[in-house]
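Data block below; observations after.
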Amino acid sequence: MPANPPISVIIPCWQDTAVLEHLLSRLNQLARRSRQELQLIVVDAAGCQNCRQLCLQYGAQWIPADPCRGAQLRLGAMHARSSILWFLHADAQLQGNPLPDLQARMASGVVGGYFAFRFSGKACWQSRLLEQLIAWRNHFGVPYGDQGIFVEVSAYHACGQHSPWPLFEEVELVKRLRRLGRFERIAQGLKVDPRRWQRDGWWRRSLHNRLLALAHFLGVPATHLARRYSRSNPTSTIPANKP
């Protein structure tokens, strides 16, 4: 892999204009400071003209799509021109400049990786404990998409891409990547908005997510689980975080 290769950043969204603007602005700032070439791809499940105009403003490619996050991610990867794919949620909050660490990991020969789960905002004992529990789960299980999964493009396609599901779309991909080569964690660089945990209750939301994960493990179809998720989260048809 050449030094400092370009990165294709793929962002699925659905009615996420406000948080998306912050993310696109931040990515543009980091690209200029690091002299890093970023291809920004936004796959919009709402077909929102405001989102389209926002993408034009920040030099991002806007792609309309049906509301299924796994299919959105696959569609975005089809339009990627770079050897590195970085999948970010629209509400991802970048901490410092994660680009050098990401490039260094890819240059070391990993097939991909993810960022440690960290909540943004003021820490509390619930958030700190959940971060530790999620780190333990990542070690034995699968990191989810809100942890900024990145991957070498040929490894991504060799491992079958994201599953075309609205939920748990990254599970099989990560398992196959780990069998293929080194899939490593970056300790700092990305933070997750805690508003859903604060709204629903730290433990209630986490328990609900774990029950969904157990049901998925037992073979319940992801489409069925997504409908259950949407009923419990009426403001979102595309689940955003699943720790």
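Just remember, in the structure tokens the first chain shown is A, the second B, etc., residues are 1-based per chain, and ligands are 1-based in the order shown.
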- Message: Would you pick out the contacts of Ile10 in chain A at 9 Å or less, using only C-alpha atoms, so that residues sharing its chain but fewer than 5 positions from it are not included, and give the list as an NGL selection string?
- Response: :A and (39-43 or 73 or 76-77 or 80 or 85-89)
- Going by DSSP on the backbone, which bits of range 1-217 of chain A are helix (DSSP H, G or I)? Write them as a PyMOL selection string, please. chain A and resi 17-34+49-58+69-78+99-107+125-140+145-147+153-158+171-180+195-200+202-217
- Can you pull out every residue within 9 Å of range 146-157 of chain A, counting only C-alpha atoms, but drop anything in the same chain fewer than 6 positions away, and send it as a VMD selection string? chain A and resid 9 77 80 82 to 89 91 to 92 102 106 110 to 118 170 173 to 174 177 180 183 190 to 192 240 to 243
- Quick one: pull the distance between CA of Gln95 in chain A and CA of Arg69 in chain A, Å, one decimal.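 Separation between CA of Gln95 in chain A and CA of Arg69 in chain A: 24.2 Å.
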- Query: Taking only C-alpha atoms into account, which of A:Leu56, A:Val19, A:Arg195, A:Gln103 comes nearest Phe119 in chain A?
  - Reply: A:Arg195
- So which residues touch range 27-35 of chain A within 12 Å, counting only C-alpha atoms, skipping near sequence neighbours fewer than 3 positions away, as JSON, numbers by chain? {"A": [4, 5, 6, 7, 8, 9, 10, 11, 20, 21, 22, 23, 24, 38, 39, 40, 41, 55, 57, 58, 59, 60, 86, 88, 90, 92, 93, 94, 95, 96, 97, 98, 99, 100, 101, 103]}
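Here CA of Cys68 in chain A and CA of Pro12 in chain A stand 9.2 Å from one another.
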- Query: Looking at only C-alpha atoms, which of A:Lys175, A:Gly219, A:Ala187, A:Leu130 is the one that sits closest to Arg205 in chain A?
  - Reply: A:Leu130
- Compile the contact shell of Val171 in chain A as a list in words: residues with an atom at most 10 Å away, counting only C-alpha atoms, same-chain residues fewer than 3 positions apart removed.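 Selected residues are Gly141, Val142, Pro143, Tyr144, Gly145, His162, Ser163, Leu167, Phe168, Val174, Lys175, Arg176, His216 and Phe217 of chain A.
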- Item | From A:Pro64, A:Gly70, A:Gly47, A:Gly181, residue lying nearest Thr223 in chain A [only C-alpha atoms] | A:Gly70
- Using DSSP on the backbone coordinates, identify all residues within range 12-226 of chain A classified as strand (DSSP E); present the result as a PyMOL selection string. chain A and resi 12-13+38-44+61-64+84-87+93-94+112-115+150-152+183-186+190-191
Please save N, CA, C and O atoms of the selected residues as a short mmCIF file (atom, residue, chain, number, x, y, z; two decimals), in the first residue's frame.
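again-v3.cif was written with the following content:
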```cif
data_model
loop_
_atom_site.label_atom_id
_atom_site.label_comp_id
_atom_site.auth_asym_id
_atom_site.auth_seq_id
_atom_site.Cartn_x
_atom_site.Cartn_y
_atom_site.Cartn_z
N PRO A 12 -23.84 6.30 5.77
CA PRO A 12 -25.27 6.10 5.57
C PRO A 12 -26.05 7.08 6.44
O PRO A 12 -25.64 7.37 7.57
N CYS A 13 -27.15 7.61 5.93
CA CYS A 13 -27.92 8.53 6.76
C CYS A 13 -29.40 8.43 6.44
O CYS A 13 -29.80 7.91 5.38
N LEU A 38 -9.62 12.63 0.87
CA LEU A 38 -10.80 11.91 1.31
C LEU A 38 -11.89 11.99 0.24
O LEU A 38 -12.21 13.08 -0.24
N GLN A 39 -12.43 10.86 -0.12
CA GLN A 39 -13.62 10.80 -0.96
C GLN A 39 -14.81 10.62 -0.02
O GLN A 39 -14.94 9.58 0.62
N LEU A 40 -15.67 11.61 0.06
CA LEU A 40 -16.81 11.57 0.96
C LEU A 40 -18.04 11.10 0.20
O LEU A 40 -18.42 11.69 -0.82
N ILE A 41 -18.67 10.03 0.69
CA ILE A 41 -19.83 9.44 0.04
C ILE A 41 -20.96 9.36 1.07
O ILE A 41 -20.83 8.69 2.09
N VAL A 42 -22.05 10.03 0.79
CA VAL A 42 -23.22 10.01 1.67
C VAL A 42 -24.34 9.24 0.98
O VAL A 42 -24.75 9.60 -0.13
N VAL A 43 -24.81 8.18 1.61
CA VAL A 43 -25.88 7.36 1.04
C VAL A 43 -27.15 7.65 1.83
O VAL A 43 -27.29 7.24 2.98
N ASP A 44 -28.06 8.39 1.20
CA ASP A 44 -29.20 8.99 1.89
C ASP A 44 -30.47 8.17 1.67
O ASP A 44 -31.00 8.11 0.57
N GLN A 61 -20.19 13.18 -2.32
CA GLN A 61 -21.06 12.55 -3.31
C GLN A 61 -22.35 12.12 -2.63
O GLN A 61 -22.32 11.43 -1.60
N TRP A 62 -23.48 12.52 -3.18
CA TRP A 62 -24.79 12.19 -2.61
C TRP A 62 -25.43 11.08 -3.41
O TRP A 62 -25.55 11.17 -4.64
N ILE A 63 -25.83 9.99 -2.74
CA ILE A 63 -26.43 8.85 -3.42
C ILE A 63 -27.75 8.53 -2.72
O ILE A 63 -27.76 8.18 -1.53
N PRO A 64 -28.89 8.63 -3.41
CA PRO A 64 -30.16 8.24 -2.79
C PRO A 64 -30.27 6.73 -2.71
O PRO A 64 -29.72 6.00 -3.56
N ILE A 84 -8.80 2.20 0.77
CA ILE A 84 -9.25 2.11 2.15
C ILE A 84 -10.68 2.61 2.23
O ILE A 84 -11.00 3.70 1.74
N LEU A 85 -11.55 1.82 2.86
CA LEU A 85 -12.93 2.20 3.10
C LEU A 85 -13.10 2.48 4.58
O LEU A 85 -12.68 1.68 5.42
N TRP A 86 -13.73 3.61 4.90
CA TRP A 86 -13.99 3.96 6.31
C TRP A 86 -15.48 4.25 6.43
O TRP A 86 -15.99 5.18 5.81
N PHE A 87 -16.17 3.43 7.21
CA PHE A 87 -17.61 3.54 7.36
C PHE A 87 -17.93 4.30 8.65
O PHE A 87 -17.58 3.85 9.75
N GLN A 93 -18.72 11.45 16.12
CA GLN A 93 -17.99 12.64 16.55
C GLN A 93 -16.50 12.31 16.59
O GLN A 93 -16.08 11.46 17.38
N LEU A 94 -15.73 12.96 15.73
CA LEU A 94 -14.31 12.68 15.64
C LEU A 94 -13.57 13.36 16.78
O LEU A 94 -13.81 14.53 17.09
N GLY A 112 -8.10 -4.49 8.43
CA GLY A 112 -9.05 -3.47 8.84
C GLY A 112 -9.03 -3.30 10.34
O GLY A 112 -8.15 -3.81 11.05
N GLY A 113 -10.04 -2.57 10.82
CA GLY A 113 -10.11 -2.35 12.26
C GLY A 113 -11.28 -1.48 12.63
O GLY A 113 -12.20 -1.24 11.83
N TYR A 114 -11.23 -0.97 13.86
CA TYR A 114 -12.34 -0.19 14.41
C TYR A 114 -11.81 0.69 15.52
O TYR A 114 -10.65 0.53 15.97
N PHE A 115 -12.61 1.60 16.00
CA PHE A 115 -12.23 2.49 17.09
C PHE A 115 -12.88 2.04 18.39
O PHE A 115 -14.01 1.53 18.39
N PHE A 150 -13.09 0.36 9.56
CA PHE A 150 -12.31 0.66 8.35
C PHE A 150 -11.72 -0.64 7.82
O PHE A 150 -11.45 -1.58 8.57
N VAL A 151 -11.49 -0.70 6.50
CA VAL A 151 -11.11 -1.97 5.89
C VAL A 151 -10.43 -1.72 4.55
O VAL A 151 -10.75 -0.75 3.84
N GLU A 152 -9.50 -2.58 4.20
CA GLU A 152 -8.88 -2.54 2.89
C GLU A 152 -9.89 -3.05 1.87
O GLU A 152 -10.59 -4.02 2.11
N PHE A 183 -7.30 -7.62 12.49
CA PHE A 183 -8.39 -6.64 12.57
C PHE A 183 -8.25 -5.97 13.92
O PHE A 183 -8.57 -6.55 14.95
N GLU A 184 -7.73 -4.73 13.93
CA GLU A 184 -7.24 -4.13 15.16
C GLU A 184 -8.05 -2.92 15.62
O GLU A 184 -8.71 -2.25 14.82
N ARG A 185 -7.93 -2.65 16.89
CA ARG A 185 -8.61 -1.53 17.52
C ARG A 185 -7.70 -0.32 17.61
O ARG A 185 -6.51 -0.44 17.92
N ILE A 186 -8.25 0.87 17.36
CA ILE A 186 -7.58 2.14 17.63
C ILE A 186 -8.21 2.71 18.89
O ILE A 186 -9.43 2.85 18.99
N LEU A 190 -12.67 8.47 17.99
CA LEU A 190 -14.08 8.50 17.62
C LEU A 190 -14.94 8.44 18.88
O LEU A 190 -14.62 7.68 19.80
N LYS A 191 -16.01 9.23 18.90
CA LYS A 191 -16.92 9.20 20.04
C LYS A 191 -18.36 9.08 19.55
O LYS A 191 -18.69 9.50 18.45
#
```
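In this model, the gap between CA of Ala71 in chain A and CA of His224 in chain A comes to 16.1 Å.
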